[in-house]
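Pasting my_file.tsv here (TSV, C-alpha atoms and all ligand atoms):
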```tsv
chain	number	residue	atom	x	y	z
A	14	ASP	CA	80.84	106.00	47.83
A	15	THR	CA	77.79	107.02	49.82
A	16	GLY	CA	77.40	110.35	48.05
A	17	PHE	CA	73.83	111.19	47.15
A	18	THR	CA	72.90	113.13	44.01
A	19	ARG	CA	69.85	115.30	43.61
A	20	ILE	CA	69.18	115.22	39.86
A	21	ASP	CA	68.58	118.82	38.89
A	22	GLY	CA	66.00	118.91	36.10
A	23	ASN	CA	65.74	122.70	36.21
A	24	LYS	CA	69.43	123.12	35.54
A	25	GLU	CA	69.59	120.54	32.74
A	26	ALA	CA	66.42	121.87	31.13
A	27	LYS	CA	67.80	125.39	31.20
A	28	SER	CA	71.02	124.36	29.51
A	29	ILE	CA	69.06	122.47	26.81
A	30	ARG	CA	66.78	125.47	26.27
A	31	ASP	CA	69.78	127.78	25.98
A	32	GLU	CA	71.28	125.54	23.28
A	33	ILE	CA	67.94	125.41	21.45
A	34	LYS	CA	67.71	129.20	21.51
A	35	ILE	CA	71.11	129.46	19.86
A	36	GLU	CA	70.13	126.94	17.18
A	37	VAL	CA	66.84	128.73	16.50
A	38	SER	CA	68.61	132.03	15.94
A	39	ARG	CA	71.25	130.38	13.74
A	40	MET	CA	68.46	128.88	11.64
A	41	ASP	CA	66.63	132.18	11.44
A	42	ALA	CA	69.79	134.04	10.44
A	43	SER	CA	70.80	131.57	7.76
A	44	ILE	CA	67.53	130.44	6.13
A	45	HIS	CA	65.00	132.90	7.59
A	46	VAL	CA	62.87	130.19	9.12
A	47	VAL	CA	61.89	129.87	12.79
A	48	PRO	CA	60.40	126.64	14.12
A	49	GLY	CA	56.64	126.83	14.72
A	50	LEU	CA	54.59	124.86	17.26
A	51	ALA	CA	50.77	124.63	17.21
A	52	VAL	CA	49.05	123.65	20.45
A	53	ILE	CA	45.39	122.64	20.50
A	54	LEU	CA	43.57	122.72	23.83
A	55	VAL	CA	39.99	121.50	24.10
A	56	GLY	CA	37.96	122.36	27.20
A	57	ASP	CA	38.85	124.27	30.33
A	58	ARG	CA	40.79	121.95	32.61
A	59	GLN	CA	42.90	124.17	34.83
A	60	ASP	CA	45.97	121.90	34.84
A	61	SER	CA	45.90	121.56	31.03
A	62	ALA	CA	45.59	125.33	30.57
A	63	SER	CA	48.57	125.85	32.85
A	64	TYR	CA	50.71	123.30	30.93
A	65	VAL	CA	49.76	124.98	27.64
A	66	SER	CA	50.72	128.40	28.97
A	67	LYS	CA	54.08	127.05	30.22
A	68	LYS	CA	54.77	125.55	26.78
A	69	LYS	CA	53.87	128.83	25.10
A	70	LYS	CA	56.21	130.83	27.35
A	71	ALA	CA	59.03	128.35	26.81
A	72	CYS	CA	58.60	128.64	23.03
A	73	GLU	CA	58.69	132.41	23.20
A	74	SER	CA	61.87	132.47	25.25
A	75	ALA	CA	63.58	130.10	22.78
A	76	GLY	CA	62.48	132.14	19.75
A	77	ILE	CA	60.08	129.41	18.58
A	78	LYS	CA	56.81	130.65	17.12
A	79	SER	CA	53.82	129.29	19.02
A	80	VAL	CA	50.20	129.23	17.92
A	81	ASP	CA	47.49	128.26	20.42
A	82	VAL	CA	44.00	127.18	19.60
A	83	CYS	CA	41.61	126.96	22.56
A	84	LEU	CA	38.37	125.19	21.72
A	85	PRO	CA	35.26	124.91	23.89
A	86	GLU	CA	34.59	121.75	25.94
A	87	ASP	CA	31.68	120.72	23.69
A	88	SER	CA	33.69	120.85	20.44
A	89	SER	CA	33.06	118.04	17.98
A	90	GLU	CA	35.69	115.74	16.54
A	91	GLU	CA	35.30	117.57	13.20
A	92	ASP	CA	36.05	120.92	14.90
A	93	VAL	CA	39.34	119.56	16.24
A	94	LEU	CA	40.24	117.72	13.02
A	95	LYS	CA	39.72	120.88	11.00
A	96	TYR	CA	42.54	122.62	12.92
A	97	ILE	CA	44.83	119.61	12.75
A	98	LEU	CA	44.40	119.31	8.99
A	99	SER	CA	45.10	123.00	8.49
A	100	PHE	CA	48.28	122.85	10.66
A	101	ASN	CA	49.35	119.73	8.74
A	102	GLU	CA	49.36	121.90	5.58
A	103	ASP	CA	50.77	125.07	7.17
A	104	PRO	CA	54.45	125.47	6.18
A	105	SER	CA	55.14	127.77	9.16
A	106	ILE	CA	54.13	124.99	11.60
A	107	HIS	CA	56.62	122.18	12.28
A	108	GLY	CA	55.09	120.68	15.39
A	109	ILE	CA	51.46	119.94	16.33
A	110	LEU	CA	50.42	119.02	19.84
A	111	VAL	CA	46.95	118.18	21.13
A	112	GLN	CA	46.87	118.66	24.89
A	113	LEU	CA	45.63	115.51	26.65
A	114	PRO	CA	43.38	114.40	28.19
A	115	LEU	CA	40.62	115.33	25.75
A	116	PRO	CA	37.01	115.70	26.93
A	117	SER	CA	35.56	112.19	27.17
A	118	HIS	CA	33.15	112.51	24.21
A	119	LEU	CA	36.09	112.94	21.81
A	120	ASN	CA	37.92	109.96	20.29
A	121	GLU	CA	41.58	110.42	21.20
A	122	HIS	CA	42.77	107.80	18.72
A	123	ASN	CA	41.04	109.42	15.72
A	124	ILE	CA	42.37	112.82	16.69
A	125	LEU	CA	45.99	111.78	17.31
A	126	LYS	CA	46.17	109.77	14.10
A	127	ALA	CA	45.09	112.80	12.06
A	128	ILE	CA	48.34	114.60	12.94
A	129	ASN	CA	51.00	114.39	10.22
A	130	PRO	CA	53.53	111.95	11.81
A	131	LYS	CA	56.33	114.27	10.56
A	132	LYS	CA	54.89	117.05	12.76
A	133	ASP	CA	53.96	114.80	15.69
A	134	VAL	CA	56.30	116.40	18.26
A	135	ASP	CA	54.53	114.65	21.17
A	136	GLY	CA	55.25	111.28	19.52
A	137	PHE	CA	51.73	110.01	20.21
A	138	HIS	CA	50.75	109.19	16.61
A	139	PRO	CA	50.21	105.41	16.40
A	140	GLN	CA	52.85	105.21	13.65
A	141	ASN	CA	55.48	106.82	15.90
A	142	MET	CA	54.38	104.71	18.89
A	143	GLY	CA	54.57	101.56	16.77
A	144	LEU	CA	58.03	102.40	15.42
A	145	LEU	CA	59.24	103.06	18.98
A	146	ALA	CA	58.19	99.54	19.95
A	147	MET	CA	59.91	97.87	16.96
A	148	ARG	CA	63.43	96.51	16.91
A	149	GLY	CA	65.74	98.38	14.55
A	150	ARG	CA	63.24	101.11	13.70
A	151	GLU	CA	63.21	104.77	14.66
A	152	PRO	CA	60.10	106.87	15.22
A	153	ASP	CA	60.18	110.44	13.89
A	154	PHE	CA	59.60	111.65	17.47
A	155	VAL	CA	59.82	110.17	20.96
A	156	PRO	CA	57.29	111.35	23.59
A	157	CYS	CA	58.65	114.26	25.63
A	158	THR	CA	58.35	113.05	29.23
A	159	PRO	CA	59.93	109.64	28.56
A	160	LYS	CA	62.66	111.31	26.48
A	161	GLY	CA	63.27	113.75	29.35
A	162	CYS	CA	63.73	110.84	31.80
A	163	ILE	CA	66.33	109.19	29.56
A	164	GLU	CA	68.07	112.51	28.91
A	165	LEU	CA	68.49	112.99	32.68
A	166	LEU	CA	70.04	109.51	33.00
A	167	HIS	CA	72.47	110.38	30.18
A	168	ARG	CA	73.36	113.77	31.58
A	169	TYR	CA	74.13	112.24	34.97
A	170	ASN	CA	76.21	109.46	33.37
A	171	VAL	CA	73.94	106.69	34.62
A	172	GLU	CA	74.82	103.45	32.88
A	173	VAL	CA	71.72	101.79	31.41
A	174	GLU	CA	73.09	98.88	29.39
A	175	GLY	CA	72.67	95.57	31.18
A	176	LYS	CA	70.97	97.18	34.19
A	177	ARG	CA	67.68	96.11	35.76
A	178	ALA	CA	65.11	98.85	35.16
A	179	VAL	CA	61.64	98.88	36.67
A	180	VAL	CA	58.91	101.23	35.44
A	181	ILE	CA	55.83	101.81	37.59
A	182	GLY	CA	52.97	102.64	35.22
A	183	ARG	CA	52.14	101.59	31.64
A	184	SER	CA	50.28	104.58	30.21
A	185	ASN	CA	50.66	105.51	26.56
A	186	ILE	CA	52.18	108.86	27.46
A	187	VAL	CA	54.76	107.86	30.09
A	188	GLY	CA	55.09	104.29	31.35
A	189	MET	CA	54.90	102.34	28.09
A	190	PRO	CA	57.19	104.54	26.00
A	191	VAL	CA	59.78	104.96	28.77
A	192	ALA	CA	59.92	101.16	29.13
A	193	HIS	CA	60.61	100.85	25.38
A	194	LEU	CA	63.32	103.50	25.53
A	195	LEU	CA	65.06	101.74	28.41
A	196	GLN	CA	64.87	98.41	26.56
A	197	ASN	CA	66.28	100.06	23.42
A	198	GLU	CA	69.22	101.14	25.57
A	199	ASP	CA	69.76	97.51	26.57
A	200	ALA	CA	68.32	97.60	30.08
A	201	THR	CA	66.30	94.59	31.26
A	202	VAL	CA	62.91	96.13	31.89
A	203	THR	CA	60.00	95.14	34.12
A	204	THR	CA	56.74	97.08	34.19
A	205	ILE	CA	54.58	97.34	37.29
A	206	HIS	CA	50.88	98.27	36.97
A	207	SER	CA	47.79	98.25	39.11
A	208	LYS	CA	47.33	94.47	38.86
A	209	THR	CA	50.95	93.63	39.70
A	210	LYS	CA	51.42	91.44	42.74
A	211	ASN	CA	54.25	92.31	45.16
A	212	PRO	CA	55.23	95.59	43.46
A	213	GLU	CA	57.55	96.44	46.34
A	214	GLU	CA	59.59	93.29	45.86
A	215	ILE	CA	59.91	93.88	42.11
A	216	ALA	CA	60.79	97.56	42.53
A	217	ARG	CA	63.55	96.62	44.96
A	218	GLU	CA	65.36	94.74	42.19
A	219	ALA	CA	65.75	97.89	40.12
A	220	ASP	CA	69.06	99.60	39.48
A	221	ILE	CA	66.98	102.25	37.73
A	222	LEU	CA	63.47	102.88	39.04
A	223	ILE	CA	61.05	105.10	37.14
A	224	ALA	CA	57.83	105.94	38.96
A	225	ALA	CA	54.91	107.12	36.82
A	226	ALA	CA	51.79	105.91	38.61
A	227	GLY	CA	50.23	109.18	39.72
A	228	GLN	CA	50.08	107.92	43.33
A	229	PRO	CA	51.47	110.34	45.93
A	230	ASN	CA	54.36	108.91	47.97
A	231	MET	CA	53.64	105.36	46.78
A	232	VAL	CA	57.32	104.41	46.55
A	233	ARG	CA	58.71	104.21	50.06
A	234	GLY	CA	62.33	103.83	51.08
A	235	SER	CA	61.81	100.08	51.46
A	236	TRP	CA	60.91	99.81	47.74
A	237	ILE	CA	64.35	101.00	46.67
A	238	LYS	CA	67.51	98.97	46.23
A	239	PRO	CA	70.43	100.70	48.00
A	240	GLY	CA	72.30	102.76	45.43
A	241	ALA	CA	69.52	102.73	42.81
A	242	VAL	CA	68.81	105.72	40.59
A	243	VAL	CA	65.22	106.93	40.96
A	244	ILE	CA	63.32	109.04	38.44
A	245	ASP	CA	60.05	110.38	39.85
A	246	VAL	CA	57.62	111.37	37.09
A	247	GLY	CA	54.59	111.81	39.34
A	248	ILE	CA	52.92	115.18	39.70
A	249	ASN	CA	50.36	114.97	42.48
A	250	HIS	CA	48.64	117.71	44.42
A	251	ILE	CA	48.00	116.79	48.02
A	252	GLU	CA	46.23	118.78	50.72
A	253	ASP	CA	48.53	120.55	53.12
A	254	PRO	CA	46.94	123.13	55.41
A	255	SER	CA	50.37	124.65	56.13
A	256	ALA	CA	51.06	125.33	52.42
A	257	PRO	CA	50.24	128.76	50.97
A	258	ARG	CA	47.36	127.52	48.80
A	259	GLY	CA	46.35	124.66	51.09
A	260	ARG	CA	47.93	122.15	48.74
A	261	ARG	CA	51.37	120.98	47.82
A	262	LEU	CA	53.03	119.19	44.91
A	263	VAL	CA	54.54	115.76	45.53
A	264	GLY	CA	55.82	112.97	43.32
A	265	ASP	CA	55.13	109.25	43.39
A	266	VAL	CA	58.23	108.70	45.52
A	267	CYS	CA	58.55	109.51	49.19
A	268	TYR	CA	61.58	111.76	48.74
A	269	GLN	CA	62.59	111.97	52.40
A	270	GLU	CA	62.90	108.20	52.63
A	271	ALA	CA	64.24	107.64	49.13
A	272	CYS	CA	67.18	110.00	49.47
A	273	LYS	CA	68.52	107.88	52.31
A	274	VAL	CA	68.62	104.75	50.11
A	275	ALA	CA	69.00	105.83	46.48
A	276	SER	CA	72.26	107.07	44.96
A	277	ALA	CA	70.39	109.70	42.92
A	278	ILE	CA	66.83	110.96	42.62
A	279	THR	CA	64.82	113.61	40.81
A	280	PRO	CA	62.91	116.01	43.06
A	281	VAL	CA	59.30	117.06	42.46
A	282	PRO	CA	59.03	119.81	41.40
A	283	GLY	CA	62.28	120.50	39.55
A	284	GLY	CA	63.00	117.04	38.15
A	285	VAL	CA	61.25	115.54	35.15
A	286	GLY	CA	58.67	118.33	34.71
A	287	PRO	CA	61.02	120.99	33.28
A	288	MET	CA	62.71	118.35	31.08
A	289	THR	CA	59.37	117.55	29.44
A	290	ILE	CA	59.09	121.12	28.17
A	291	ALA	CA	62.73	121.20	27.06
A	292	MET	CA	62.17	117.99	25.04
A	293	LEU	CA	59.10	119.51	23.39
A	294	LEU	CA	61.18	122.47	22.23
A	295	SER	CA	63.91	120.10	21.10
A	296	ASN	CA	61.47	117.98	19.08
A	297	THR	CA	60.04	121.11	17.47
A	298	LEU	CA	63.49	122.35	16.49
A	299	THR	CA	64.41	118.90	15.12
A	300	SER	CA	61.24	118.86	13.06
A	301	ALA	CA	61.89	122.28	11.55
A	302	LYS	CA	65.48	121.34	10.74
A	303	ARG	CA	64.35	118.14	9.06
A	304	ILE	CA	61.59	119.76	7.04
A	305	HIS	CA	63.95	122.51	5.82
A	306	GLU	CA	66.96	120.18	5.53
A	307	PHE	CA	68.94	122.53	7.75
A	308	GLU	CA	71.97	121.11	9.54
B	1	LIG	P1	47.89	107.33	34.13
B	1	LIG	O1	46.89	107.48	35.21
B	1	LIG	O2	47.48	107.37	32.71
B	1	LIG	O3	48.68	105.94	34.32
B	1	LIG	C1	49.07	105.52	35.59
B	1	LIG	C2	49.71	104.15	35.48
B	1	LIG	O4	50.13	103.76	36.76
B	1	LIG	C3	48.76	103.06	34.98
B	1	LIG	O5	49.44	102.20	34.10
B	1	LIG	C4	48.34	102.35	36.25
B	1	LIG	O6	48.09	100.96	36.08
B	1	LIG	C5	49.55	102.52	37.13
B	1	LIG	N1	49.18	102.56	38.54
B	1	LIG	C6	48.29	103.40	39.12
B	1	LIG	N2	48.18	103.12	40.43
B	1	LIG	C7	49.04	102.10	40.67
B	1	LIG	C8	49.37	101.36	41.83
B	1	LIG	N3	48.82	101.63	43.03
B	1	LIG	N4	50.28	100.36	41.72
B	1	LIG	C9	50.84	100.07	40.52
B	1	LIG	N5	50.56	100.74	39.38
B	1	LIG	C10	49.67	101.74	39.47
B	1	LIG	O7	48.99	108.43	34.43
B	1	LIG	P2	50.12	109.07	33.47
B	1	LIG	O8	50.99	107.99	32.96
B	1	LIG	O9	49.50	110.01	32.53
B	1	LIG	O10	50.91	109.93	34.53
B	1	LIG	C11	51.57	109.35	35.64
B	1	LIG	C12	52.04	110.43	36.58
B	1	LIG	O11	53.01	111.22	35.90
B	1	LIG	C13	50.96	111.41	37.03
B	1	LIG	O12	51.24	111.82	38.35
B	1	LIG	C14	51.10	112.57	36.09
B	1	LIG	O13	50.65	113.78	36.64
B	1	LIG	C15	52.60	112.59	35.88
B	1	LIG	N6	53.04	113.19	34.63
B	1	LIG	C16	54.10	114.01	34.68
B	1	LIG	C17	54.60	114.59	33.55
B	1	LIG	C18	55.79	115.46	33.66
B	1	LIG	O14	56.06	116.24	32.76
B	1	LIG	N7	56.59	115.35	34.73
B	1	LIG	C19	53.98	114.38	32.24
B	1	LIG	C20	52.91	113.41	32.27
B	1	LIG	C21	52.46	112.86	33.43
B	1	LIG	P3	46.92	100.37	35.11
B	1	LIG	O15	47.46	100.48	33.72
B	1	LIG	O16	46.78	98.96	35.56
B	1	LIG	O17	45.73	101.23	35.36
```

Rewrite the structure of this file - the entire thing - as C-alpha cells.
Ligand code: NDP
Amino acid sequence: DTGFTRIDGNKEAKSIRDEIKIEVSRMDASIHVVPGLAVILVGDRQDSASYVSKKKKACESAGIKSVDVCLPEDSSEEDVLKYILSFNEDPSIHGILVQLPLPSHLNEHNILKAINPKKDVDGFHPQNMGLLAMRGREPDFVPCTPKGCIELLHRYNVEVEGKRAVVIGRSNIVGMPVAHLLQNEDATVTTIHSKTKNPEEIAREADILIAAAGQPNMVRGSWIKPGAVVIDVGINHIEDPSAPRGRRLVGDVCYQEACKVASAITPVPGGVGPMTIAMLLSNTLTSAKRIHEFE
C-alpha cells in the first residue's frame, strides 16, 4: 500500500470541539454549571496575544466561560500570584492557564507551581509533570500539545505499542511530555536534541517521528523511514516575499519531501495546532466534571 495520508488536525479538532459543546450544554442543563477557564497573559508578545485570543474564541464557541487577565510586561511575581491564588479559590473557574513564555524577570517555576494542580489544565505544574514521568501513576492533566499529537495517532489508528518513536526536541511543553506519553503507550522512544550527534540517522529509525524543534524545514525527506508516520509540531514563520504578509508559516518538516516518503503526516498549519486548542477545552471540561462529580 503506497497510499499517503494527510492527517487532518482541523477536522479532528472540530469533531472533538463539537462533542465538547454537547457535553457542556448537557452539564449546564443538568447541574447548572458551565466549565470556566482563566487565562493569564503577562506582557505584549504578539504571538502570545494571538494564541490567547484563539483560546478565548474556542471557549466561547463551546459554551465554556473564559476569563482573561492581561498584565503589563513589568508585572511582579506577586502581581501574577495574586490572580492565580484568587482563581484557585474561585468555584466558577475549573482551569487556570498562564500563557508562556513569561517575561524573563519572572520565575516560571514559582508561578506554575502556585496553580492548584486540580485546575492545571496545561499540565505544567511540577506535580503533574512528575506524575506523567512515573510508572503506574496518572497526572490530573496532560499538556495539550503532546496530548493532541497522541490523539491524532489514535484517531488515525496508528499502532504505537512496540514501535520505534523518535521525538526531536526535549522542551517541558512539547518534547519531554510527548516522549513520556509515547513510552507510556509502549513505544520505544529516543529523544533528539541540539547536542545529538547524527540526528538524521536516528530519525530514520523511527516508525513514528515527532518533530518539535522549532527549526523550519529541518526534517528532510532523507530523515524519514519509508512508511513512517510524521507529526510536525513546529510553528515557524519564514520570510516569503510572494506571501501576502511577506511571511509564511512552516513546520519543522519539509512537507514536500516528507509526503513522498512518509505514510502519513500532519500539515502546518492544520495539523497539531488546532488539536492543541481542542485538548485545552477537553481538559477544562474534564476538570469541571471532576470537581462537580458530573458523569
Ligand atoms: P523550544 O525552543 O523550547 O525547544 C526546542 C527543542 O528542540 C529543544 O529541546 C532543543 O534542544 C531542540 N532543538 C532545537 N534545535 C535543534 C536542532 N537543530 N537539532 C536538534 N534539536 C534541536 O521549543 P518548544 O518545544 O516550545 O516548541 C517547539 C516547536 O513547536 C516550535 O516551533 C513551537 O512554535 C511549536 N509549538 C507548537 C505548538 C502547537 O500547538 N502546534 C505548541 C507549542 C509549540 P536543546 O534542549 O538541546 O536546546

For this session: For each of A:Arg233, A:Arg177, A:Arg258, A:Lys78, take the minimum atom-to-atom distance to Ala219 (chain A), counting all atoms listed in the file, then give the residue where this is smallest.
Result: A:Arg177

For this session: Find the residues around region 146-161 of chain A up to 6 Å (all atoms listed in the file counted), leave out those fewer than 3 positions away in its own chain, and share them as a PyMOL selection string.
Result: chain A and resi 134-136+141+143+164+187+191+288-289+292-293

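Here CA of Ile106 (chain A) stands at a distance of 8.6 Å from CA of Ser79 (chain A).
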
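The contact shell of ligand LIG 1 (chain B), defined as all polymer residues within 6 Å when only C-alpha atoms and all ligand atoms are used, comprises A:Thr158, A:Ile181, A:Gly182, A:Arg183, A:Ser184, A:Ile186, A:Val187, A:Gly188, A:Ile205, A:His206, A:Ser207, A:Lys208, A:Ala225, A:Ala226, A:Gly227, A:Gln228, A:Val246, A:Gly247, A:Ile248, A:Asn249, A:Val285, A:Gly286, A:Thr289.
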
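Note that CA of Glu218 (chain A) and CA of Lys238 (chain A) are 6.2 Å apart.
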
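All polymer residues at most 7 Å from (48.8, 117.0, 20.4), using all atoms listed in the file, appear as Val52, Ile53, Ile109, Leu110, Val111, Gln112, Leu125 and Asp135 of chain A.
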
Exercise. Could you list as a PyMOL selection string every residue that has an atom within 8 Å of (61.6, 98.6, 33.9), using the file's coordinates and counting all atoms listed in the file?
Worked result: chain A and resi 177-181+192+195+200-205+219+221-223

Selection to disk with C-alpha atoms, as a CSV table (one decimal), in the frame of the given file:
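Saved file out-v2.csv follows:
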```csv
chain,number,residue,atom,x,y,z
A,177,ARG,CA,67.7,96.1,35.8
A,178,ALA,CA,65.1,98.8,35.2
A,179,VAL,CA,61.6,98.9,36.7
A,180,VAL,CA,58.9,101.2,35.4
A,181,ILE,CA,55.8,101.8,37.6
A,192,ALA,CA,59.9,101.2,29.1
A,195,LEU,CA,65.1,101.7,28.4
A,200,ALA,CA,68.3,97.6,30.1
A,201,THR,CA,66.3,94.6,31.3
A,202,VAL,CA,62.9,96.1,31.9
A,203,THR,CA,60.0,95.1,34.1
A,204,THR,CA,56.7,97.1,34.2
A,205,ILE,CA,54.6,97.3,37.3
A,219,ALA,CA,65.8,97.9,40.1
A,221,ILE,CA,67.0,102.2,37.7
A,222,LEU,CA,63.5,102.9,39.0
A,223,ILE,CA,61.0,105.1,37.1
```

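Counting all atoms listed in the file, the residue from A:Pro190, A:Gly175, A:Pro282, A:Pro116 that sits nearest to Cys162 (chain A) is A:Pro190.
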
Can you put N, CA and C atoms back into region 25-53 of chain A and show it as a PDB file, keeping the file's coordinate frame?
```pdb
ATOM      1  N   GLU A  25      69.393 121.208  34.030  1.00  0.00           N
ATOM      2  CA  GLU A  25      69.590 120.540  32.740  1.00  0.00           C
ATOM      3  C   GLU A  25      68.647 121.114  31.683  1.00  0.00           C
ATOM      4  N   ALA A  26      67.397 121.336  32.085  1.00  0.00           N
ATOM      5  CA  ALA A  26      66.420 121.870  31.130  1.00  0.00           C
ATOM      6  C   ALA A  26      66.845 123.260  30.667  1.00  0.00           C
ATOM      7  N   LYS A  27      67.378 124.050  31.581  1.00  0.00           N
ATOM      8  CA  LYS A  27      67.800 125.390  31.200  1.00  0.00           C
ATOM      9  C   LYS A  27      68.951 125.319  30.196  1.00  0.00           C
ATOM     10  N   SER A  28      69.889 124.405  30.436  1.00  0.00           N
ATOM     11  CA  SER A  28      71.020 124.360  29.510  1.00  0.00           C
ATOM     12  C   SER A  28      70.564 123.863  28.129  1.00  0.00           C
ATOM     13  N   ILE A  29      69.601 122.919  28.102  1.00  0.00           N
ATOM     14  CA  ILE A  29      69.060 122.470  26.810  1.00  0.00           C
ATOM     15  C   ILE A  29      68.334 123.627  26.112  1.00  0.00           C
ATOM     16  N   ARG A  30      67.545 124.363  26.876  1.00  0.00           N
ATOM     17  CA  ARG A  30      66.780 125.470  26.270  1.00  0.00           C
ATOM     18  C   ARG A  30      67.704 126.569  25.759  1.00  0.00           C
ATOM     19  N   ASP A  31      68.808 126.786  26.457  1.00  0.00           N
ATOM     20  CA  ASP A  31      69.780 127.780  25.980  1.00  0.00           C
ATOM     21  C   ASP A  31      70.387 127.343  24.639  1.00  0.00           C
ATOM     22  N   GLU A  32      70.719 126.049  24.544  1.00  0.00           N
ATOM     23  CA  GLU A  32      71.280 125.540  23.280  1.00  0.00           C
ATOM     24  C   GLU A  32      70.251 125.649  22.148  1.00  0.00           C
ATOM     25  N   ILE A  33      68.991 125.345  22.468  1.00  0.00           N
ATOM     26  CA  ILE A  33      67.940 125.410  21.450  1.00  0.00           C
ATOM     27  C   ILE A  33      67.788 126.843  20.943  1.00  0.00           C
ATOM     28  N   LYS A  34      67.845 127.788  21.878  1.00  0.00           N
ATOM     29  CA  LYS A  34      67.710 129.200  21.510  1.00  0.00           C
ATOM     30  C   LYS A  34      68.790 129.612  20.518  1.00  0.00           C
ATOM     31  N   ILE A  35      69.998 129.143  20.760  1.00  0.00           N
ATOM     32  CA  ILE A  35      71.110 129.460  19.860  1.00  0.00           C
ATOM     33  C   ILE A  35      70.867 128.851  18.470  1.00  0.00           C
ATOM     34  N   GLU A  36      70.402 127.612  18.453  1.00  0.00           N
ATOM     35  CA  GLU A  36      70.130 126.940  17.180  1.00  0.00           C
ATOM     36  C   GLU A  36      69.003 127.626  16.416  1.00  0.00           C
ATOM     37  N   VAL A  37      67.977 128.045  17.150  1.00  0.00           N
ATOM     38  CA  VAL A  37      66.840 128.730  16.500  1.00  0.00           C
ATOM     39  C   VAL A  37      67.321 130.021  15.851  1.00  0.00           C
ATOM     40  N   SER A  38      68.185 130.758  16.543  1.00  0.00           N
ATOM     41  CA  SER A  38      68.610 132.030  15.940  1.00  0.00           C
ATOM     42  C   SER A  38      69.580 131.789  14.781  1.00  0.00           C
ATOM     43  N   ARG A  39      70.374 130.734  14.865  1.00  0.00           N
ATOM     44  CA  ARG A  39      71.250 130.380  13.740  1.00  0.00           C
ATOM     45  C   ARG A  39      70.412 130.017  12.511  1.00  0.00           C
ATOM     46  N   MET A  40      69.336 129.293  12.740  1.00  0.00           N
ATOM     47  CA  MET A  40      68.460 128.880  11.640  1.00  0.00           C
ATOM     48  C   MET A  40      67.776 130.104  11.016  1.00  0.00           C
ATOM     49  N   ASP A  41      67.289 130.965  11.906  1.00  0.00           N
ATOM     50  CA  ASP A  41      66.630 132.180  11.440  1.00  0.00           C
ATOM     51  C   ASP A  41      67.588 133.035  10.609  1.00  0.00           C
ATOM     52  N   ALA A  42      68.807 133.203  11.135  1.00  0.00           N
ATOM     53  CA  ALA A  42      69.790 134.040  10.440  1.00  0.00           C
ATOM     54  C   ALA A  42      70.180 133.443   9.092  1.00  0.00           C
ATOM     55  N   SER A  43      70.269 132.114   9.017  1.00  0.00           N
ATOM     56  CA  SER A  43      70.800 131.570   7.760  1.00  0.00           C
ATOM     57  C   SER A  43      69.724 131.218   6.736  1.00  0.00           C
ATOM     58  N   ILE A  44      68.556 130.744   7.149  1.00  0.00           N
ATOM     59  CA  ILE A  44      67.530 130.440   6.130  1.00  0.00           C
ATOM     60  C   ILE A  44      66.208 131.196   6.345  1.00  0.00           C
ATOM     61  N   HIS A  45      66.197 132.087   7.317  1.00  0.00           N
ATOM     62  CA  HIS A  45      65.000 132.900   7.590  1.00  0.00           C
ATOM     63  C   HIS A  45      63.765 132.055   7.890  1.00  0.00           C
ATOM     64  N   VAL A  46      63.985 131.011   8.663  1.00  0.00           N
ATOM     65  CA  VAL A  46      62.870 130.190   9.120  1.00  0.00           C
ATOM     66  C   VAL A  46      62.996 130.067  10.633  1.00  0.00           C
ATOM     67  N   VAL A  47      61.875 130.242  11.371  1.00  0.00           N
ATOM     68  CA  VAL A  47      61.890 129.870  12.790  1.00  0.00           C
ATOM     69  C   VAL A  47      60.946 128.690  12.975  1.00  0.00           C
ATOM     70  N   PRO A  48      61.305 127.761  13.869  1.00  0.00           N
ATOM     71  CA  PRO A  48      60.400 126.640  14.120  1.00  0.00           C
ATOM     72  C   PRO A  48      59.056 127.149  14.642  1.00  0.00           C
ATOM     73  N   GLY A  49      57.986 126.448  14.270  1.00  0.00           N
ATOM     74  CA  GLY A  49      56.640 126.830  14.720  1.00  0.00           C
ATOM     75  C   GLY A  49      55.926 125.650  15.365  1.00  0.00           C
ATOM     76  N   LEU A  50      55.329 125.907  16.527  1.00  0.00           N
ATOM     77  CA  LEU A  50      54.590 124.860  17.260  1.00  0.00           C
ATOM     78  C   LEU A  50      53.124 125.276  17.390  1.00  0.00           C
ATOM     79  N   ALA A  51      52.209 124.383  17.010  1.00  0.00           N
ATOM     80  CA  ALA A  51      50.770 124.630  17.210  1.00  0.00           C
ATOM     81  C   ALA A  51      50.280 123.757  18.350  1.00  0.00           C
ATOM     82  N   VAL A  52      49.586 124.381  19.301  1.00  0.00           N
ATOM     83  CA  VAL A  52      49.050 123.650  20.450  1.00  0.00           C
ATOM     84  C   VAL A  52      47.531 123.778  20.453  1.00  0.00           C
ATOM     85  N   ILE A  53      46.857 122.645  20.496  1.00  0.00           N
ATOM     86  CA  ILE A  53      45.390 122.640  20.500  1.00  0.00           C
ATOM     87  C   ILE A  53      44.918 122.172  21.871  1.00  0.00           C
TER      88      ILE A  53
END
```
